[in-house]
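**Q** This is the structure I have questions about; it appears just below.
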Amino acid sequence: QPGTRFMTAKIERFLAEHRPPTPCLIVDLDVVGAAFKATRDALPRAELHYAVKANPAPEILRILVALGSSFDAASPDEIDRCLAAGASPECISYGNTIKKEADIRHAFVRGVRRYAMDSAGELEKIAVAAPGARVYCRILTSNDGARWPLDRKFGCAPDMARDLLIAATGRGLAAEGIAFHVGS
């Protein structure tokens with residue numbers, strides 16, 4: 001709807017000139033770029049990873065590559081989309097904690113070296129399919145105040161995370177640290 005808070009003048013012009021069939025999604029790439037820059041400026045020491053599943057459109061991935069974003073991919077397709085958009089494999093993290101060994105190998109062959117885990121089984125698959133990779137462990141978080149219950153979907157207890165990271169080192173992987181699901 002014209003006049004809503006998400007409608008930019010650029011989008012209003014586009015809709016008036018092209019009248020696309022509805023429903024449709026129209027994104028102002030200038031807004032995407034500005035949001036990334038604002039986040040980067042607010043967190044200057046953080047390495048920002050765009051969650052590709054949020055919107056894997058090539059146009060969005062290309063603008064984020066140009067701005068220096070890193071990427072959190074959840075599938076081989078998302079990894080390939082990032083690479084096609086010009087992302088360096090070093091900027092891609094395979095953040096899904098439940099991966100097929102073949103999918104880990106797919107990512108590893110393409111140069112991806114950072115993987116999420118939250119179980120001994122996942123650690124073993126990474127050790128076999130991505131030798132020497134960097135790993136981080138997703139921990140469970142409290143769901144207090146969240147609008148959607150994701151606290152038990154992925155992650156492990158902090159004590160288990162410690163044990164997994166120690167075990168990762170013993171399997172020849174580089175233990176990077178912990179992560180949590182921001183939605184939780």
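By convention in this document, the chains of the structure tokens carry letters A, B, ... by their order, each chain's residues are numbered from 1, and ligands are numbered from 1 in the order they are shown.
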According to DSSP computed on the backbone, where in range 11-160 of chain A is there strand (DSSP E or B)? Give the residues as a PyMOL selection string.
**A** chain A and resi 49-51+70-73+92-94+114-117+134-139+156
**Q** For the selection you just gave me, I'd like the residues written to a file as a CSV table (one decimal), in the first residue's frame, keeping N, CA, C and O atoms.
**A**
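File produced: result-v4.csv:
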chain,number,residue,atom,x,y,z
A,49,HIS,N,27.0,-11.5,9.6
A,49,HIS,CA,26.7,-12.6,8.7
A,49,HIS,C,25.2,-12.4,8.4
A,49,HIS,O,24.3,-12.5,9.2
A,50,TYR,N,24.9,-12.2,7.1
A,50,TYR,CA,23.5,-12.1,6.6
A,50,TYR,C,22.9,-13.5,6.5
A,50,TYR,O,23.5,-14.4,5.9
A,51,ALA,N,21.8,-13.7,7.1
A,51,ALA,CA,21.1,-15.0,7.1
A,51,ALA,C,20.5,-15.1,5.7
A,51,ALA,O,19.4,-14.5,5.4
A,70,SER,N,29.5,-10.9,5.5
A,70,SER,CA,29.7,-12.3,5.5
A,70,SER,C,28.3,-12.9,5.5
A,70,SER,O,27.3,-12.2,5.6
A,71,PHE,N,28.2,-14.2,5.3
A,71,PHE,CA,26.9,-14.9,5.1
A,71,PHE,C,26.8,-16.1,5.9
A,71,PHE,O,27.7,-16.9,6.1
A,72,ASP,N,25.5,-16.3,6.4
A,72,ASP,CA,25.2,-17.5,7.2
A,72,ASP,C,24.3,-18.3,6.2
A,72,ASP,O,23.1,-17.9,5.9
A,73,ALA,N,24.8,-19.4,5.7
A,73,ALA,CA,24.0,-20.3,4.8
A,73,ALA,C,23.5,-21.5,5.5
A,73,ALA,O,24.2,-22.0,6.4
A,92,ILE,N,31.7,-17.2,4.2
A,92,ILE,CA,30.4,-18.0,4.3
A,92,ILE,C,30.6,-19.0,5.5
A,92,ILE,O,31.6,-19.7,5.6
A,93,SER,N,29.6,-19.0,6.3
A,93,SER,CA,29.5,-19.9,7.4
A,93,SER,C,28.3,-20.9,7.2
A,93,SER,O,27.2,-20.4,6.8
A,94,TYR,N,28.5,-22.2,7.3
A,94,TYR,CA,27.4,-23.1,7.1
A,94,TYR,C,26.8,-23.3,8.5
A,94,TYR,O,27.2,-24.1,9.3
A,114,ARG,N,33.9,-22.8,7.7
A,114,ARG,CA,33.3,-22.5,9.0
A,114,ARG,C,32.0,-23.2,9.1
A,114,ARG,O,31.1,-23.0,8.3
A,115,TYR,N,31.8,-24.0,10.2
A,115,TYR,CA,30.6,-24.8,10.3
A,115,TYR,C,30.0,-24.8,11.7
A,115,TYR,O,30.8,-24.8,12.7
A,116,ALA,N,28.7,-24.8,11.8
A,116,ALA,CA,28.0,-24.9,13.1
A,116,ALA,C,27.8,-26.3,13.5
A,116,ALA,O,27.7,-27.2,12.6
A,117,MET,N,27.7,-26.5,14.8
A,117,MET,CA,27.4,-27.9,15.3
A,117,MET,C,26.7,-27.7,16.6
A,117,MET,O,26.8,-26.7,17.3
A,134,ARG,N,37.0,-24.9,10.7
A,134,ARG,CA,36.7,-24.2,11.9
A,134,ARG,C,35.2,-24.5,12.3
A,134,ARG,O,34.4,-24.5,11.4
A,135,VAL,N,35.0,-24.7,13.6
A,135,VAL,CA,33.7,-25.0,14.0
A,135,VAL,C,33.3,-24.1,15.2
A,135,VAL,O,34.2,-23.7,16.0
A,136,TYR,N,32.0,-23.9,15.3
A,136,TYR,CA,31.5,-23.2,16.5
A,136,TYR,C,30.3,-24.0,16.9
A,136,TYR,O,29.6,-24.7,16.1
A,137,CYS,N,30.0,-23.9,18.2
A,137,CYS,CA,28.9,-24.7,18.8
A,137,CYS,C,27.7,-23.8,19.1
A,137,CYS,O,27.9,-22.7,19.8
A,138,ARG,N,26.5,-24.2,18.7
A,138,ARG,CA,25.3,-23.4,19.0
A,138,ARG,C,24.8,-23.8,20.3
A,138,ARG,O,24.6,-25.0,20.6
A,139,ILE,N,24.6,-22.9,21.2
A,139,ILE,CA,24.1,-23.2,22.6
A,139,ILE,C,22.6,-22.9,22.7
A,139,ILE,O,22.1,-22.0,22.0
A,156,CYS,N,22.8,-26.8,22.2
A,156,CYS,CA,23.0,-27.7,23.3
A,156,CYS,C,23.3,-26.9,24.6
A,156,CYS,O,23.6,-25.7,24.5
**Q** By how many Å are CA of Ile104 in chain A and CA of Lys53 in chain A apart?
**A**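 So the two atoms, CA of Ile104 in chain A and CA of Lys53 in chain A, lie 17.5 Å apart.
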**Q** What are the DSSP helix (DSSP H, G or I) residues of chain A, as a PyMOL selection string?
**A** chain A and resi 9-18+29-42+52-54+58-66+76-84+89-91+101-109+120-129+158-170
**Q** Would you save the residues from that selection as a short mmCIF file (atom, residue, chain, number, x, y, z; two decimals), in the first residue's frame, using C-alpha atoms?
**A**
data_model
loop_
_atom_site.label_atom_id
_atom_site.label_comp_id
_atom_site.auth_asym_id
_atom_site.auth_seq_id
_atom_site.Cartn_x
_atom_site.Cartn_y
_atom_site.Cartn_z
CA ALA A 9 9.46 6.94 -2.99
CA LYS A 10 11.50 4.69 -5.27
CA ILE A 11 9.10 1.78 -4.74
CA GLU A 12 6.06 4.02 -5.20
CA ARG A 13 7.47 5.16 -8.58
CA PHE A 14 8.17 1.56 -9.58
CA LEU A 15 4.63 0.48 -8.73
CA ALA A 16 3.10 3.42 -10.60
CA GLU A 17 5.21 2.81 -13.70
CA HIS A 18 5.14 -1.00 -13.88
CA LEU A 29 18.15 -2.23 -2.54
CA ASP A 30 19.21 1.19 -1.28
CA VAL A 31 17.30 0.44 1.94
CA VAL A 32 19.03 -2.95 2.22
CA GLY A 33 22.43 -1.29 1.81
CA ALA A 34 21.61 1.46 4.29
CA ALA A 35 20.42 -1.08 6.88
CA PHE A 36 23.61 -3.10 6.52
CA LYS A 37 25.77 0.02 6.82
CA ALA A 38 23.85 1.19 9.91
CA THR A 39 24.27 -2.19 11.58
CA ARG A 40 27.97 -2.32 10.68
CA ASP A 41 28.47 1.20 12.04
CA ALA A 42 26.66 0.30 15.28
CA VAL A 52 20.64 -16.02 3.42
CA LYS A 53 17.34 -17.77 4.16
CA ALA A 54 15.82 -14.36 4.94
CA PRO A 58 20.81 -12.51 -6.17
CA GLU A 59 20.39 -8.72 -6.16
CA ILE A 60 20.41 -8.63 -2.36
CA LEU A 61 23.36 -10.99 -2.09
CA ARG A 62 25.36 -8.94 -4.63
CA ILE A 63 24.83 -5.66 -2.78
CA LEU A 64 25.81 -7.27 0.52
CA VAL A 65 28.94 -8.79 -1.06
CA ALA A 66 29.87 -5.32 -2.34
CA PRO A 76 24.20 -26.17 -0.32
CA ASP A 77 21.90 -24.07 -2.54
CA GLU A 78 22.40 -21.01 -0.33
CA ILE A 79 26.18 -21.54 -0.39
CA ASP A 80 26.12 -21.73 -4.18
CA ARG A 81 23.95 -18.59 -4.39
CA CYS A 82 26.45 -16.66 -2.25
CA LEU A 83 29.37 -17.82 -4.37
CA ALA A 84 27.49 -16.93 -7.58
CA PRO A 89 34.09 -18.87 0.55
CA GLU A 90 35.95 -17.48 3.59
CA CYS A 91 32.95 -15.19 4.20
CA GLU A 101 27.73 -35.40 5.30
CA ALA A 102 27.44 -34.98 1.51
CA ASP A 103 26.27 -31.38 1.99
CA ILE A 104 29.24 -30.64 4.27
CA ARG A 105 31.53 -32.09 1.61
CA HIS A 106 29.76 -29.94 -1.03
CA ALA A 107 30.52 -26.82 1.00
CA PHE A 108 34.09 -27.88 1.78
CA VAL A 109 34.94 -28.55 -1.88
CA ALA A 120 28.57 -35.25 18.68
CA GLY A 121 27.05 -36.67 15.51
CA GLU A 122 27.35 -33.35 13.71
CA LEU A 123 30.92 -32.92 14.95
CA GLU A 124 31.82 -36.34 13.52
CA LYS A 125 30.30 -35.55 10.11
CA ILE A 126 32.25 -32.28 9.94
CA ALA A 127 35.50 -33.98 10.99
CA VAL A 128 35.11 -36.55 8.21
CA ALA A 129 33.83 -34.31 5.39
CA PRO A 158 26.84 -24.84 27.63
CA ASP A 159 28.61 -27.76 29.37
CA MET A 160 28.02 -29.94 26.33
CA ALA A 161 29.25 -27.15 24.06
CA ARG A 162 32.51 -27.04 26.01
CA ASP A 163 32.92 -30.80 25.66
CA LEU A 164 32.14 -30.68 21.93
CA LEU A 165 34.66 -27.88 21.32
CA ILE A 166 37.35 -29.81 23.20
CA ALA A 167 36.48 -32.92 21.18
CA ALA A 168 36.61 -30.89 17.96
CA THR A 169 40.20 -29.94 18.69
CA GLY A 170 41.00 -33.60 19.26
#
**Q** Figure out the distance between CA of Gly95 in chain A and CA of Phe154 in chain A, please, to one decimal in Å.
**A**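 Between CA of Phe154 in chain A and CA of Gly95 in chain A the gap works out to 10.8 Å.
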**Q** Would you mind reading off the distance between CA of Arg113 in chain A and CA of Ser69 in chain A, one decimal, in Å?
**A**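 Calculated distance between CA of Arg113 in chain A and CA of Ser69 in chain A is 16.4 Å.
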